[in-house]
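Everything below concerns the one structure shown next.
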Amino acid sequence: MPLLGAHLSIAGGPHLALLEARRLGCDTVQVFTKAPNQWSAKPIDEAQASLFRRTLRETGLRLPIAHDGYLINLASPDETLYQRSLSAFLDEMHRAEQLGLRYLVMHPGAHLEDSEEAGLQRVARALDEIHSRCSNYRIRILIETTAGQGTTLGHRFEQLARLLELVAAPRRLGICFDTCHVFAAGYDLTTAKEYDATMRHFDRIVGLKRIRVFHLNDSVKGLGSRVDRHAHLGRGQLGLEAFRQLLTDPRFTELPMILETPKEDGDNKCMDEVNLATLRRLLAEASA
Ligand SMILES: [Zn+2]
Ligand SMILES: [Zn+2]
């Protein structure tokens, strides 16, 4: 069975996200290690870090994940922003390592007015630098598939493959496959047939064995819209069949599958419960 989890808040202390994950009956979890819309944050002190690591052991959550902040753009042609992004990402690495997290999911970034290839080269250069400065770290970086808003990279499978080709140590990297992003980028997943075709395509270009984590989000916008807006499972343009296919795909049984769906919906204050129940129902139906 895949490991089901959700992106949860660390407000009030990082370990609280783990307690919430346990309350929800999750097998795994994803967090930001700081406010995602700010460049810097107070360092995590050792007491907080050890409480987090102890809570991880107690809750038994497996393969816990960090997601990097929104401001970081390692593809930026602006040298100042590039350097700022690099040091912010190194800080993200450090925080995630301190907390004992297993993966740090990152978006490749946006090339802006420059070319796609130049942008990918800058990201690869940054990843090489990060790997050489964090050579003793246990945490692994996962590049996320993106919806391709504006000039963001990572929405074509070829761009992910090119990044893996450009970096010095591709084996240290993995991929985080986001269902909403892949669909919005133009790859269909809505039927068993389309799901198979998209996975075959991904396998040919990037390799399915590179995938370490899935983000399970339905999509508000349509196929190829290149707009990144997450919907509750079964309430978007993707529909439930895509999730049924993924959950029951024998190639992905041991992988974390993380919800990044909105937290509230009108009266319902815990939509994570609702979306997790949907996933569990799909799994139960498949084994019935
Ligand atoms: Zn995602
Ligand atoms: Zn998204």
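Here, A, B, ... name the chains of the structure tokens in the order displayed, residue numbers run from 1 inside each chain, and ligands are numbered from 1 in the same displayed order.
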
Residues up to 10 Å from ligand 2, counting only C-alpha atoms and all ligand atoms: could you list those as a PyMOL selection string? chain A and resi 107+144-147+178-182+184+215-219+227-231+260-261

Using DSSP on the backbone coordinates, identify the residues of segment 47-254 of chain A assigned to strand (DSSP E or B); present them as a PyMOL selection string. chain A and resi 65-67+103-106+110+140-144+152+173-178+211-216+218-219+230-231

Just the residues within 7 Å of segment 47-51 of chain A, please, counting only C-alpha atoms, with nothing from its chain fewer than 4 positions along; format it as a VMD selection string. chain A and resid 15 55 98 to 99

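Each of A:Glu79, A:Asp267, A:Asp68, A:Asp196 was checked against ligand 1 using only C-alpha atoms and all ligand atoms; the smallest atom-to-atom distance is that of A:Asp68.
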
Which residues come within 12 Å of Met93 of chain A, counting only C-alpha atoms, excluding same-chain residues fewer than 2 positions away, as a ChimeraX atom specification? /A:32-34,65-69,86-91,95-106,127,130-131,133-142

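Counting only C-alpha atoms and comparing A:Leu173, A:Ala242, A:Leu259, A:Ile10, the residue that lies closest to Asp188 of chain A is A:Ala242.
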
Polymer residues at most 10 Å from Val123 of chain A, only C-alpha atoms, same-chain spacing of 4 or more positions, as an MDAnalysis selection string: chainID A and resid 73:76 82 86 107:111 117:119 127:129 153 163 166:167

Output the selection as a compact mmCIF listing (two decimals), in the first residue's frame - N, CA and C atoms for each residue.
```
# COMPACT_ATOMS: atom_id res chain seq x y z
N ASN A 73 14.23 30.88 -6.58
CA ASN A 73 14.23 30.65 -8.03
C ASN A 73 15.67 30.40 -8.49
N LEU A 74 16.02 29.13 -8.54
CA LEU A 74 17.39 28.75 -8.92
C LEU A 74 17.60 28.83 -10.43
N ALA A 75 16.55 29.20 -11.18
CA ALA A 75 16.69 29.38 -12.63
C ALA A 75 16.81 30.86 -12.98
N SER A 76 16.78 31.72 -11.98
CA SER A 76 16.74 33.16 -12.25
C SER A 76 17.98 33.67 -12.98
N TYR A 82 19.51 34.95 -7.93
CA TYR A 82 20.06 33.59 -8.00
C TYR A 82 20.85 33.27 -6.73
N LEU A 86 20.03 30.58 -3.85
CA LEU A 86 20.98 29.52 -3.50
C LEU A 86 21.18 29.47 -1.98
N HIS A 107 10.77 23.25 -6.56
CA HIS A 107 10.34 23.59 -7.91
C HIS A 107 11.58 24.08 -8.65
N PRO A 108 11.76 23.67 -9.91
CA PRO A 108 12.98 24.06 -10.62
C PRO A 108 13.13 25.58 -10.77
N GLY A 109 12.03 26.33 -10.85
CA GLY A 109 12.13 27.78 -10.98
C GLY A 109 11.71 28.27 -12.35
N ALA A 110 11.83 29.59 -12.56
CA ALA A 110 11.37 30.23 -13.80
C ALA A 110 12.54 30.91 -14.49
N HIS A 111 12.63 30.72 -15.81
CA HIS A 111 13.78 31.29 -16.53
C HIS A 111 13.56 32.76 -16.91
N GLU A 117 16.89 26.65 -21.94
CA GLU A 117 18.13 25.91 -21.74
C GLU A 117 19.05 26.64 -20.74
N ALA A 118 19.15 27.96 -20.86
CA ALA A 118 19.99 28.72 -19.92
C ALA A 118 19.45 28.57 -18.50
N GLY A 119 18.13 28.59 -18.37
CA GLY A 119 17.50 28.42 -17.06
C GLY A 119 17.83 27.06 -16.47
N LEU A 127 22.25 23.01 -8.22
CA LEU A 127 22.14 21.69 -7.58
C LEU A 127 23.52 21.08 -7.34
N ASP A 128 24.43 21.29 -8.27
CA ASP A 128 25.80 20.79 -8.08
C ASP A 128 26.46 21.45 -6.88
N GLU A 129 26.28 22.75 -6.79
CA GLU A 129 26.84 23.49 -5.66
C GLU A 129 26.23 23.02 -4.33
N LEU A 153 9.92 26.25 -15.24
CA LEU A 153 10.49 25.04 -15.84
C LEU A 153 9.96 23.81 -15.10
N LEU A 163 17.52 18.28 -16.99
CA LEU A 163 18.13 18.64 -15.70
C LEU A 163 18.96 17.47 -15.15
N LEU A 166 22.13 17.27 -16.97
CA LEU A 166 23.09 18.36 -16.73
C LEU A 166 23.81 18.27 -15.39
N VAL A 167 23.16 17.69 -14.37
CA VAL A 167 23.79 17.68 -13.05
C VAL A 167 24.91 16.64 -12.97
```

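Separating atom CA of Arg280 of chain A from atom CA of Gly13 of chain A is a distance of 28.6 Å.
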
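Across the model, the gap from atom CA of Ser40 of chain A to atom CA of Met257 of chain A is 28.2 Å.
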
Selection: 12 Å around Glu20 of chain A, only C-alpha atoms, excl. self and same-chain fewer than 3 positions, as a CSV table (one decimal) with C-alpha atoms, in the first residue's frame:
```
chain,number,residue,atom,x,y,z
A,5,GLY,CA,-0.2,11.7,4.0
A,6,ALA,CA,-0.9,15.4,3.7
A,7,HIS,CA,1.0,18.7,3.7
A,8,LEU,CA,0.5,20.0,7.3
A,9,SER,CA,1.2,23.2,9.2
A,10,ILE,CA,4.0,23.7,11.6
A,11,ALA,CA,2.3,26.7,13.3
A,12,GLY,CA,3.0,26.6,17.0
A,13,GLY,CA,6.0,24.2,16.6
A,14,PRO,CA,7.2,21.8,13.9
A,15,HIS,CA,6.3,18.7,15.9
A,16,LEU,CA,2.6,19.7,15.9
A,17,ALA,CA,2.4,18.8,12.2
A,23,ARG,CA,-4.6,12.2,14.4
A,24,LEU,CA,-5.5,12.0,10.7
A,25,GLY,CA,-4.2,8.4,10.5
A,26,CYS,CA,-1.5,9.3,8.0
A,27,ASP,CA,1.5,7.1,7.2
A,28,THR,CA,3.7,10.0,6.1
A,29,VAL,CA,3.7,13.8,6.1
A,30,GLN,CA,5.0,16.9,4.3
A,31,VAL,CA,5.8,20.3,5.9
A,55,THR,CA,7.9,12.7,17.8
A,56,LEU,CA,8.8,11.3,14.3
A,59,THR,CA,4.4,8.5,15.5
A,61,LEU,CA,5.6,8.4,10.2
A,270,CYS,CA,-11.0,19.6,7.9
A,272,ASP,CA,-7.8,16.6,4.8
A,273,GLU,CA,-10.1,14.1,6.6
```

Need to verify the contact set: Thr190 of chain A, 8 Å, only C-alpha atoms, exclusion of same-chain residues closer than 5 positions in sequence. Can you return it as a PyMOL selection string? chain A and resi 195+238-242

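Taking only C-alpha atoms and all ligand atoms into account, ligand 1 lies nearest to A:Gly154 out of the set A:Pro2, A:Gly154, A:Gly224, A:Pro43.
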
Among A:Ile258, A:Ala161, A:Gly234, A:Pro170, ligand 1 is approached most closely, using only C-alpha atoms and all ligand atoms, by A:Ile258

Test item, alpha helix (DSSP H) assignment across segment 24-183 of chain A, answer as a PDB file with N, CA and C atoms, in the first residue's frame:
```pdb
ATOM      1  N   GLU A  46      18.080  23.436  18.822  1.00  0.00           N
ATOM      2  CA  GLU A  46      18.285  21.997  18.972  1.00  0.00           C
ATOM      3  C   GLU A  46      17.161  21.323  19.773  1.00  0.00           C
ATOM      4  N   ALA A  47      16.581  22.068  20.732  1.00  0.00           N
ATOM      5  CA  ALA A  47      15.486  21.484  21.522  1.00  0.00           C
ATOM      6  C   ALA A  47      14.286  21.176  20.623  1.00  0.00           C
ATOM      7  N   GLN A  48      13.957  22.151  19.743  1.00  0.00           N
ATOM      8  CA  GLN A  48      12.847  21.957  18.801  1.00  0.00           C
ATOM      9  C   GLN A  48      13.123  20.785  17.856  1.00  0.00           C
ATOM     10  N   ALA A  49      14.353  20.751  17.357  1.00  0.00           N
ATOM     11  CA  ALA A  49      14.728  19.705  16.397  1.00  0.00           C
ATOM     12  C   ALA A  49      14.660  18.326  17.046  1.00  0.00           C
ATOM     13  N   SER A  50      15.141  18.234  18.309  1.00  0.00           N
ATOM     14  CA  SER A  50      15.140  16.899  18.902  1.00  0.00           C
ATOM     15  C   SER A  50      13.726  16.481  19.299  1.00  0.00           C
ATOM     16  N   LEU A  51      12.881  17.437  19.684  1.00  0.00           N
ATOM     17  CA  LEU A  51      11.470  17.122  19.946  1.00  0.00           C
ATOM     18  C   LEU A  51      10.811  16.601  18.662  1.00  0.00           C
ATOM     19  N   PHE A  52      11.123  17.258  17.558  1.00  0.00           N
ATOM     20  CA  PHE A  52      10.558  16.837  16.266  1.00  0.00           C
ATOM     21  C   PHE A  52      11.003  15.419  15.921  1.00  0.00           C
ATOM     22  N   ARG A  53      12.293  15.173  16.059  1.00  0.00           N
ATOM     23  CA  ARG A  53      12.824  13.849  15.694  1.00  0.00           C
ATOM     24  C   ARG A  53      12.249  12.754  16.606  1.00  0.00           C
ATOM     25  N   ARG A  54      12.086  13.101  17.880  1.00  0.00           N
ATOM     26  CA  ARG A  54      11.520  12.116  18.810  1.00  0.00           C
ATOM     27  C   ARG A  54      10.052  11.833  18.451  1.00  0.00           C
ATOM     28  N   THR A  55       9.320  12.911  18.119  1.00  0.00           N
ATOM     29  CA  THR A  55       7.906  12.735  17.752  1.00  0.00           C
ATOM     30  C   THR A  55       7.788  11.913  16.461  1.00  0.00           C
ATOM     31  N   LEU A  56       8.736  12.115  15.563  1.00  0.00           N
ATOM     32  CA  LEU A  56       8.760  11.306  14.332  1.00  0.00           C
ATOM     33  C   LEU A  56       8.845   9.827  14.679  1.00  0.00           C
ATOM     34  N   ARG A  57       9.761   9.490  15.572  1.00  0.00           N
ATOM     35  CA  ARG A  57       9.928   8.091  15.966  1.00  0.00           C
ATOM     36  C   ARG A  57       8.660   7.571  16.634  1.00  0.00           C
ATOM     37  N   GLU A  58       8.092   8.396  17.534  1.00  0.00           N
ATOM     38  CA  GLU A  58       6.903   7.955  18.275  1.00  0.00           C
ATOM     39  C   GLU A  58       5.692   7.750  17.381  1.00  0.00           C
ATOM     40  N   THR A  59       5.549   8.623  16.382  1.00  0.00           N
ATOM     41  CA  THR A  59       4.368   8.522  15.513  1.00  0.00           C
ATOM     42  C   THR A  59       4.562   7.452  14.447  1.00  0.00           C
ATOM     43  N   GLU A  79      21.485  37.712 -11.190  1.00  0.00           N
ATOM     44  CA  GLU A  79      22.527  37.141 -10.344  1.00  0.00           C
ATOM     45  C   GLU A  79      22.233  37.336  -8.850  1.00  0.00           C
ATOM     46  N   THR A  80      21.696  38.486  -8.490  1.00  0.00           N
ATOM     47  CA  THR A  80      21.388  38.750  -7.082  1.00  0.00           C
ATOM     48  C   THR A  80      20.316  37.784  -6.576  1.00  0.00           C
ATOM     49  N   LEU A  81      19.261  37.621  -7.388  1.00  0.00           N
ATOM     50  CA  LEU A  81      18.176  36.723  -6.986  1.00  0.00           C
ATOM     51  C   LEU A  81      18.650  35.266  -6.977  1.00  0.00           C
ATOM     52  N   TYR A  82      19.515  34.950  -7.929  1.00  0.00           N
ATOM     53  CA  TYR A  82      20.060  33.593  -7.997  1.00  0.00           C
ATOM     54  C   TYR A  82      20.848  33.267  -6.726  1.00  0.00           C
ATOM     55  N   GLN A  83      21.730  34.178  -6.338  1.00  0.00           N
ATOM     56  CA  GLN A  83      22.553  33.962  -5.134  1.00  0.00           C
ATOM     57  C   GLN A  83      21.694  33.891  -3.879  1.00  0.00           C
ATOM     58  N   ARG A  84      20.689  34.760  -3.834  1.00  0.00           N
ATOM     59  CA  ARG A  84      19.785  34.774  -2.694  1.00  0.00           C
ATOM     60  C   ARG A  84      19.019  33.451  -2.610  1.00  0.00           C
ATOM     61  N   SER A  85      18.621  32.956  -3.780  1.00  0.00           N
ATOM     62  CA  SER A  85      17.893  31.686  -3.843  1.00  0.00           C
ATOM     63  C   SER A  85      18.779  30.527  -3.402  1.00  0.00           C
ATOM     64  N   LEU A  86      20.027  30.580  -3.853  1.00  0.00           N
ATOM     65  CA  LEU A  86      20.976  29.523  -3.504  1.00  0.00           C
ATOM     66  C   LEU A  86      21.183  29.475  -1.984  1.00  0.00           C
ATOM     67  N   SER A  87      21.390  30.647  -1.365  1.00  0.00           N
ATOM     68  CA  SER A  87      21.630  30.582   0.082  1.00  0.00           C
ATOM     69  C   SER A  87      20.355  30.214   0.829  1.00  0.00           C
ATOM     70  N   ALA A  88      19.198  30.656   0.324  1.00  0.00           N
ATOM     71  CA  ALA A  88      17.931  30.259   0.967  1.00  0.00           C
ATOM     72  C   ALA A  88      17.725  28.746   0.834  1.00  0.00           C
ATOM     73  N   PHE A  89      18.100  28.187  -0.307  1.00  0.00           N
ATOM     74  CA  PHE A  89      17.913  26.742  -0.486  1.00  0.00           C
ATOM     75  C   PHE A  89      18.861  25.954   0.415  1.00  0.00           C
ATOM     76  N   LEU A  90      20.090  26.449   0.558  1.00  0.00           N
ATOM     77  CA  LEU A  90      21.032  25.788   1.477  1.00  0.00           C
ATOM     78  C   LEU A  90      20.478  25.790   2.902  1.00  0.00           C
ATOM     79  N   ASP A  91      19.823  26.896   3.271  1.00  0.00           N
ATOM     80  CA  ASP A  91      19.204  26.974   4.590  1.00  0.00           C
ATOM     81  C   ASP A  91      18.062  25.958   4.704  1.00  0.00           C
ATOM     82  N   GLU A  92      17.271  25.818   3.635  1.00  0.00           N
ATOM     83  CA  GLU A  92      16.188  24.811   3.619  1.00  0.00           C
ATOM     84  C   GLU A  92      16.766  23.401   3.817  1.00  0.00           C
ATOM     85  N   MET A  93      17.893  23.152   3.155  1.00  0.00           N
ATOM     86  CA  MET A  93      18.548  21.840   3.282  1.00  0.00           C
ATOM     87  C   MET A  93      18.942  21.602   4.726  1.00  0.00           C
ATOM     88  N   HIS A  94      19.548  22.611   5.313  1.00  0.00           N
ATOM     89  CA  HIS A  94      20.018  22.494   6.683  1.00  0.00           C
ATOM     90  C   HIS A  94      18.864  22.241   7.649  1.00  0.00           C
ATOM     91  N   ARG A  95      17.786  23.013   7.513  1.00  0.00           N
ATOM     92  CA  ARG A  95      16.630  22.863   8.407  1.00  0.00           C
ATOM     93  C   ARG A  95      16.014  21.476   8.276  1.00  0.00           C
ATOM     94  N   ALA A  96      15.847  21.047   7.029  1.00  0.00           N
ATOM     95  CA  ALA A  96      15.212  19.744   6.794  1.00  0.00           C
ATOM     96  C   ALA A  96      16.083  18.610   7.337  1.00  0.00           C
ATOM     97  N   GLU A  97      17.389  18.761   7.183  1.00  0.00           N
ATOM     98  CA  GLU A  97      18.323  17.748   7.693  1.00  0.00           C
ATOM     99  C   GLU A  97      18.268  17.697   9.223  1.00  0.00           C
ATOM    100  N   GLN A  98      18.248  18.898   9.822  1.00  0.00           N
ATOM    101  CA  GLN A  98      18.162  19.004  11.287  1.00  0.00           C
ATOM    102  C   GLN A  98      16.936  18.282  11.840  1.00  0.00           C
ATOM    103  N   GLU A 116      15.029  28.786 -22.082  1.00  0.00           N
ATOM    104  CA  GLU A 116      14.754  27.608 -21.271  1.00  0.00           C
ATOM    105  C   GLU A 116      16.052  26.847 -20.947  1.00  0.00           C
ATOM    106  N   GLU A 117      16.889  26.654 -21.943  1.00  0.00           N
ATOM    107  CA  GLU A 117      18.133  25.914 -21.737  1.00  0.00           C
ATOM    108  C   GLU A 117      19.048  26.636 -20.740  1.00  0.00           C
ATOM    109  N   ALA A 118      19.148  27.957 -20.860  1.00  0.00           N
ATOM    110  CA  ALA A 118      19.989  28.715 -19.921  1.00  0.00           C
ATOM    111  C   ALA A 118      19.448  28.574 -18.501  1.00  0.00           C
ATOM    112  N   GLY A 119      18.127  28.587 -18.369  1.00  0.00           N
ATOM    113  CA  GLY A 119      17.500  28.423 -17.057  1.00  0.00           C
ATOM    114  C   GLY A 119      17.825  27.058 -16.467  1.00  0.00           C
ATOM    115  N   LEU A 120      17.693  26.024 -17.281  1.00  0.00           N
ATOM    116  CA  LEU A 120      17.976  24.658 -16.798  1.00  0.00           C
ATOM    117  C   LEU A 120      19.443  24.528 -16.402  1.00  0.00           C
ATOM    118  N   GLN A 121      20.312  25.186 -17.141  1.00  0.00           N
ATOM    119  CA  GLN A 121      21.738  25.124 -16.792  1.00  0.00           C
ATOM    120  C   GLN A 121      22.019  25.786 -15.446  1.00  0.00           C
ATOM    121  N   ARG A 122      21.322  26.893 -15.181  1.00  0.00           N
ATOM    122  CA  ARG A 122      21.524  27.537 -13.878  1.00  0.00           C
ATOM    123  C   ARG A 122      21.020  26.646 -12.744  1.00  0.00           C
ATOM    124  N   VAL A 123      19.881  26.009 -12.940  1.00  0.00           N
ATOM    125  CA  VAL A 123      19.356  25.115 -11.895  1.00  0.00           C
ATOM    126  C   VAL A 123      20.350  23.976 -11.644  1.00  0.00           C
ATOM    127  N   ALA A 124      20.880  23.414 -12.726  1.00  0.00           N
ATOM    128  CA  ALA A 124      21.829  22.301 -12.590  1.00  0.00           C
ATOM    129  C   ALA A 124      23.088  22.759 -11.852  1.00  0.00           C
ATOM    130  N   ARG A 125      23.561  23.952 -12.187  1.00  0.00           N
ATOM    131  CA  ARG A 125      24.745  24.496 -11.522  1.00  0.00           C
ATOM    132  C   ARG A 125      24.465  24.668 -10.024  1.00  0.00           C
ATOM    133  N   ALA A 126      23.285  25.176  -9.703  1.00  0.00           N
ATOM    134  CA  ALA A 126      22.913  25.366  -8.293  1.00  0.00           C
ATOM    135  C   ALA A 126      22.856  24.011  -7.577  1.00  0.00           C
ATOM    136  N   LEU A 127      22.254  23.011  -8.221  1.00  0.00           N
ATOM    137  CA  LEU A 127      22.138  21.690  -7.583  1.00  0.00           C
ATOM    138  C   LEU A 127      23.518  21.085  -7.338  1.00  0.00           C
ATOM    139  N   ASP A 128      24.433  21.292  -8.273  1.00  0.00           N
ATOM    140  CA  ASP A 128      25.802  20.787  -8.084  1.00  0.00           C
ATOM    141  C   ASP A 128      26.459  21.450  -6.880  1.00  0.00           C
ATOM    142  N   GLU A 129      26.276  22.750  -6.791  1.00  0.00           N
ATOM    143  CA  GLU A 129      26.843  23.494  -5.662  1.00  0.00           C
ATOM    144  C   GLU A 129      26.232  23.024  -4.334  1.00  0.00           C
ATOM    145  N   ILE A 130      24.926  22.853  -4.328  1.00  0.00           N
ATOM    146  CA  ILE A 130      24.230  22.400  -3.113  1.00  0.00           C
ATOM    147  C   ILE A 130      24.731  21.003  -2.722  1.00  0.00           C
ATOM    148  N   HIS A 131      24.837  20.136  -3.702  1.00  0.00           N
ATOM    149  CA  HIS A 131      25.304  18.779  -3.399  1.00  0.00           C
ATOM    150  C   HIS A 131      26.734  18.782  -2.861  1.00  0.00           C
ATOM    151  N   SER A 132      27.576  19.654  -3.402  1.00  0.00           N
ATOM    152  CA  SER A 132      28.949  19.629  -2.907  1.00  0.00           C
ATOM    153  C   SER A 132      29.053  20.256  -1.519  1.00  0.00           C
ATOM    154  N   ARG A 133      28.169  21.219  -1.225  1.00  0.00           N
ATOM    155  CA  ARG A 133      28.205  21.828   0.115  1.00  0.00           C
ATOM    156  C   ARG A 133      27.469  20.993   1.148  1.00  0.00           C
ATOM    157  N   PHE A 157       8.274  16.809 -19.576  1.00  0.00           N
ATOM    158  CA  PHE A 157       9.104  15.714 -19.078  1.00  0.00           C
ATOM    159  C   PHE A 157      10.534  15.872 -19.602  1.00  0.00           C
ATOM    160  N   GLU A 158      10.666  16.407 -20.817  1.00  0.00           N
ATOM    161  CA  GLU A 158      12.007  16.608 -21.406  1.00  0.00           C
ATOM    162  C   GLU A 158      12.852  17.562 -20.567  1.00  0.00           C
ATOM    163  N   GLN A 159      12.212  18.547 -19.933  1.00  0.00           N
ATOM    164  CA  GLN A 159      12.977  19.496 -19.100  1.00  0.00           C
ATOM    165  C   GLN A 159      13.530  18.792 -17.863  1.00  0.00           C
ATOM    166  N   LEU A 160      12.741  17.893 -17.298  1.00  0.00           N
ATOM    167  CA  LEU A 160      13.221  17.137 -16.127  1.00  0.00           C
ATOM    168  C   LEU A 160      14.388  16.243 -16.545  1.00  0.00           C
ATOM    169  N   ALA A 161      14.236  15.609 -17.700  1.00  0.00           N
ATOM    170  CA  ALA A 161      15.296  14.723 -18.195  1.00  0.00           C
ATOM    171  C   ALA A 161      16.566  15.523 -18.462  1.00  0.00           C
ATOM    172  N   ARG A 162      16.406  16.718 -19.027  1.00  0.00           N
ATOM    173  CA  ARG A 162      17.564  17.570 -19.326  1.00  0.00           C
ATOM    174  C   ARG A 162      18.288  17.969 -18.029  1.00  0.00           C
ATOM    175  N   LEU A 163      17.519  18.283 -16.991  1.00  0.00           N
ATOM    176  CA  LEU A 163      18.127  18.637 -15.698  1.00  0.00           C
ATOM    177  C   LEU A 163      18.957  17.471 -15.155  1.00  0.00           C
ATOM    178  N   LEU A 164      18.380  16.274 -15.228  1.00  0.00           N
ATOM    179  CA  LEU A 164      19.089  15.091 -14.731  1.00  0.00           C
ATOM    180  C   LEU A 164      20.357  14.833 -15.552  1.00  0.00           C
ATOM    181  N   GLU A 165      20.314  15.234 -16.815  1.00  0.00           N
ATOM    182  CA  GLU A 165      21.463  15.036 -17.690  1.00  0.00           C
ATOM    183  C   GLU A 165      22.564  16.069 -17.378  1.00  0.00           C
ATOM    184  N   LEU A 166      22.130  17.274 -16.970  1.00  0.00           N
ATOM    185  CA  LEU A 166      23.092  18.360 -16.733  1.00  0.00           C
ATOM    186  C   LEU A 166      23.807  18.275 -15.391  1.00  0.00           C
ATOM    187  N   THR A 179       0.043  15.324  -9.500  1.00  0.00           N
ATOM    188  CA  THR A 179      -1.010  14.987 -10.475  1.00  0.00           C
ATOM    189  C   THR A 179      -1.670  16.231 -11.080  1.00  0.00           C
ATOM    190  N   CYS A 180      -1.924  17.240 -10.243  1.00  0.00           N
ATOM    191  CA  CYS A 180      -2.545  18.469 -10.756  1.00  0.00           C
ATOM    192  C   CYS A 180      -1.616  19.145 -11.757  1.00  0.00           C
ATOM    193  N   HIS A 181      -0.341  19.247 -11.407  1.00  0.00           N
ATOM    194  CA  HIS A 181       0.614  19.947 -12.264  1.00  0.00           C
ATOM    195  C   HIS A 181       0.794  19.226 -13.604  1.00  0.00           C
ATOM    196  N   VAL A 182       0.952  17.909 -13.541  1.00  0.00           N
ATOM    197  CA  VAL A 182       1.184  17.138 -14.769  1.00  0.00           C
ATOM    198  C   VAL A 182      -0.012  17.269 -15.725  1.00  0.00           C
ATOM    199  N   PHE A 183      -1.210  17.218 -15.133  1.00  0.00           N
ATOM    200  CA  PHE A 183      -2.441  17.338 -15.926  1.00  0.00           C
ATOM    201  C   PHE A 183      -2.555  18.756 -16.512  1.00  0.00           C
TER     202      PHE A 183
END
```

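Proximity to His155 of chain A was assessed for A:Ile143, A:Leu255, A:Leu246, A:Val220 counting only C-alpha atoms; the smallest distance is recorded for A:Ile143.
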
Separation of atom CA of Arg210 of chain A and atom CA of Ala169 of chain A, in Å? 13.3 Å

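With only C-alpha atoms and all ligand atoms as the atoms that count, the minimum distance from ligand 1 to the choices A:Phe214, A:Asp78, A:Gly174, A:Asp114 is reached by A:Phe214.
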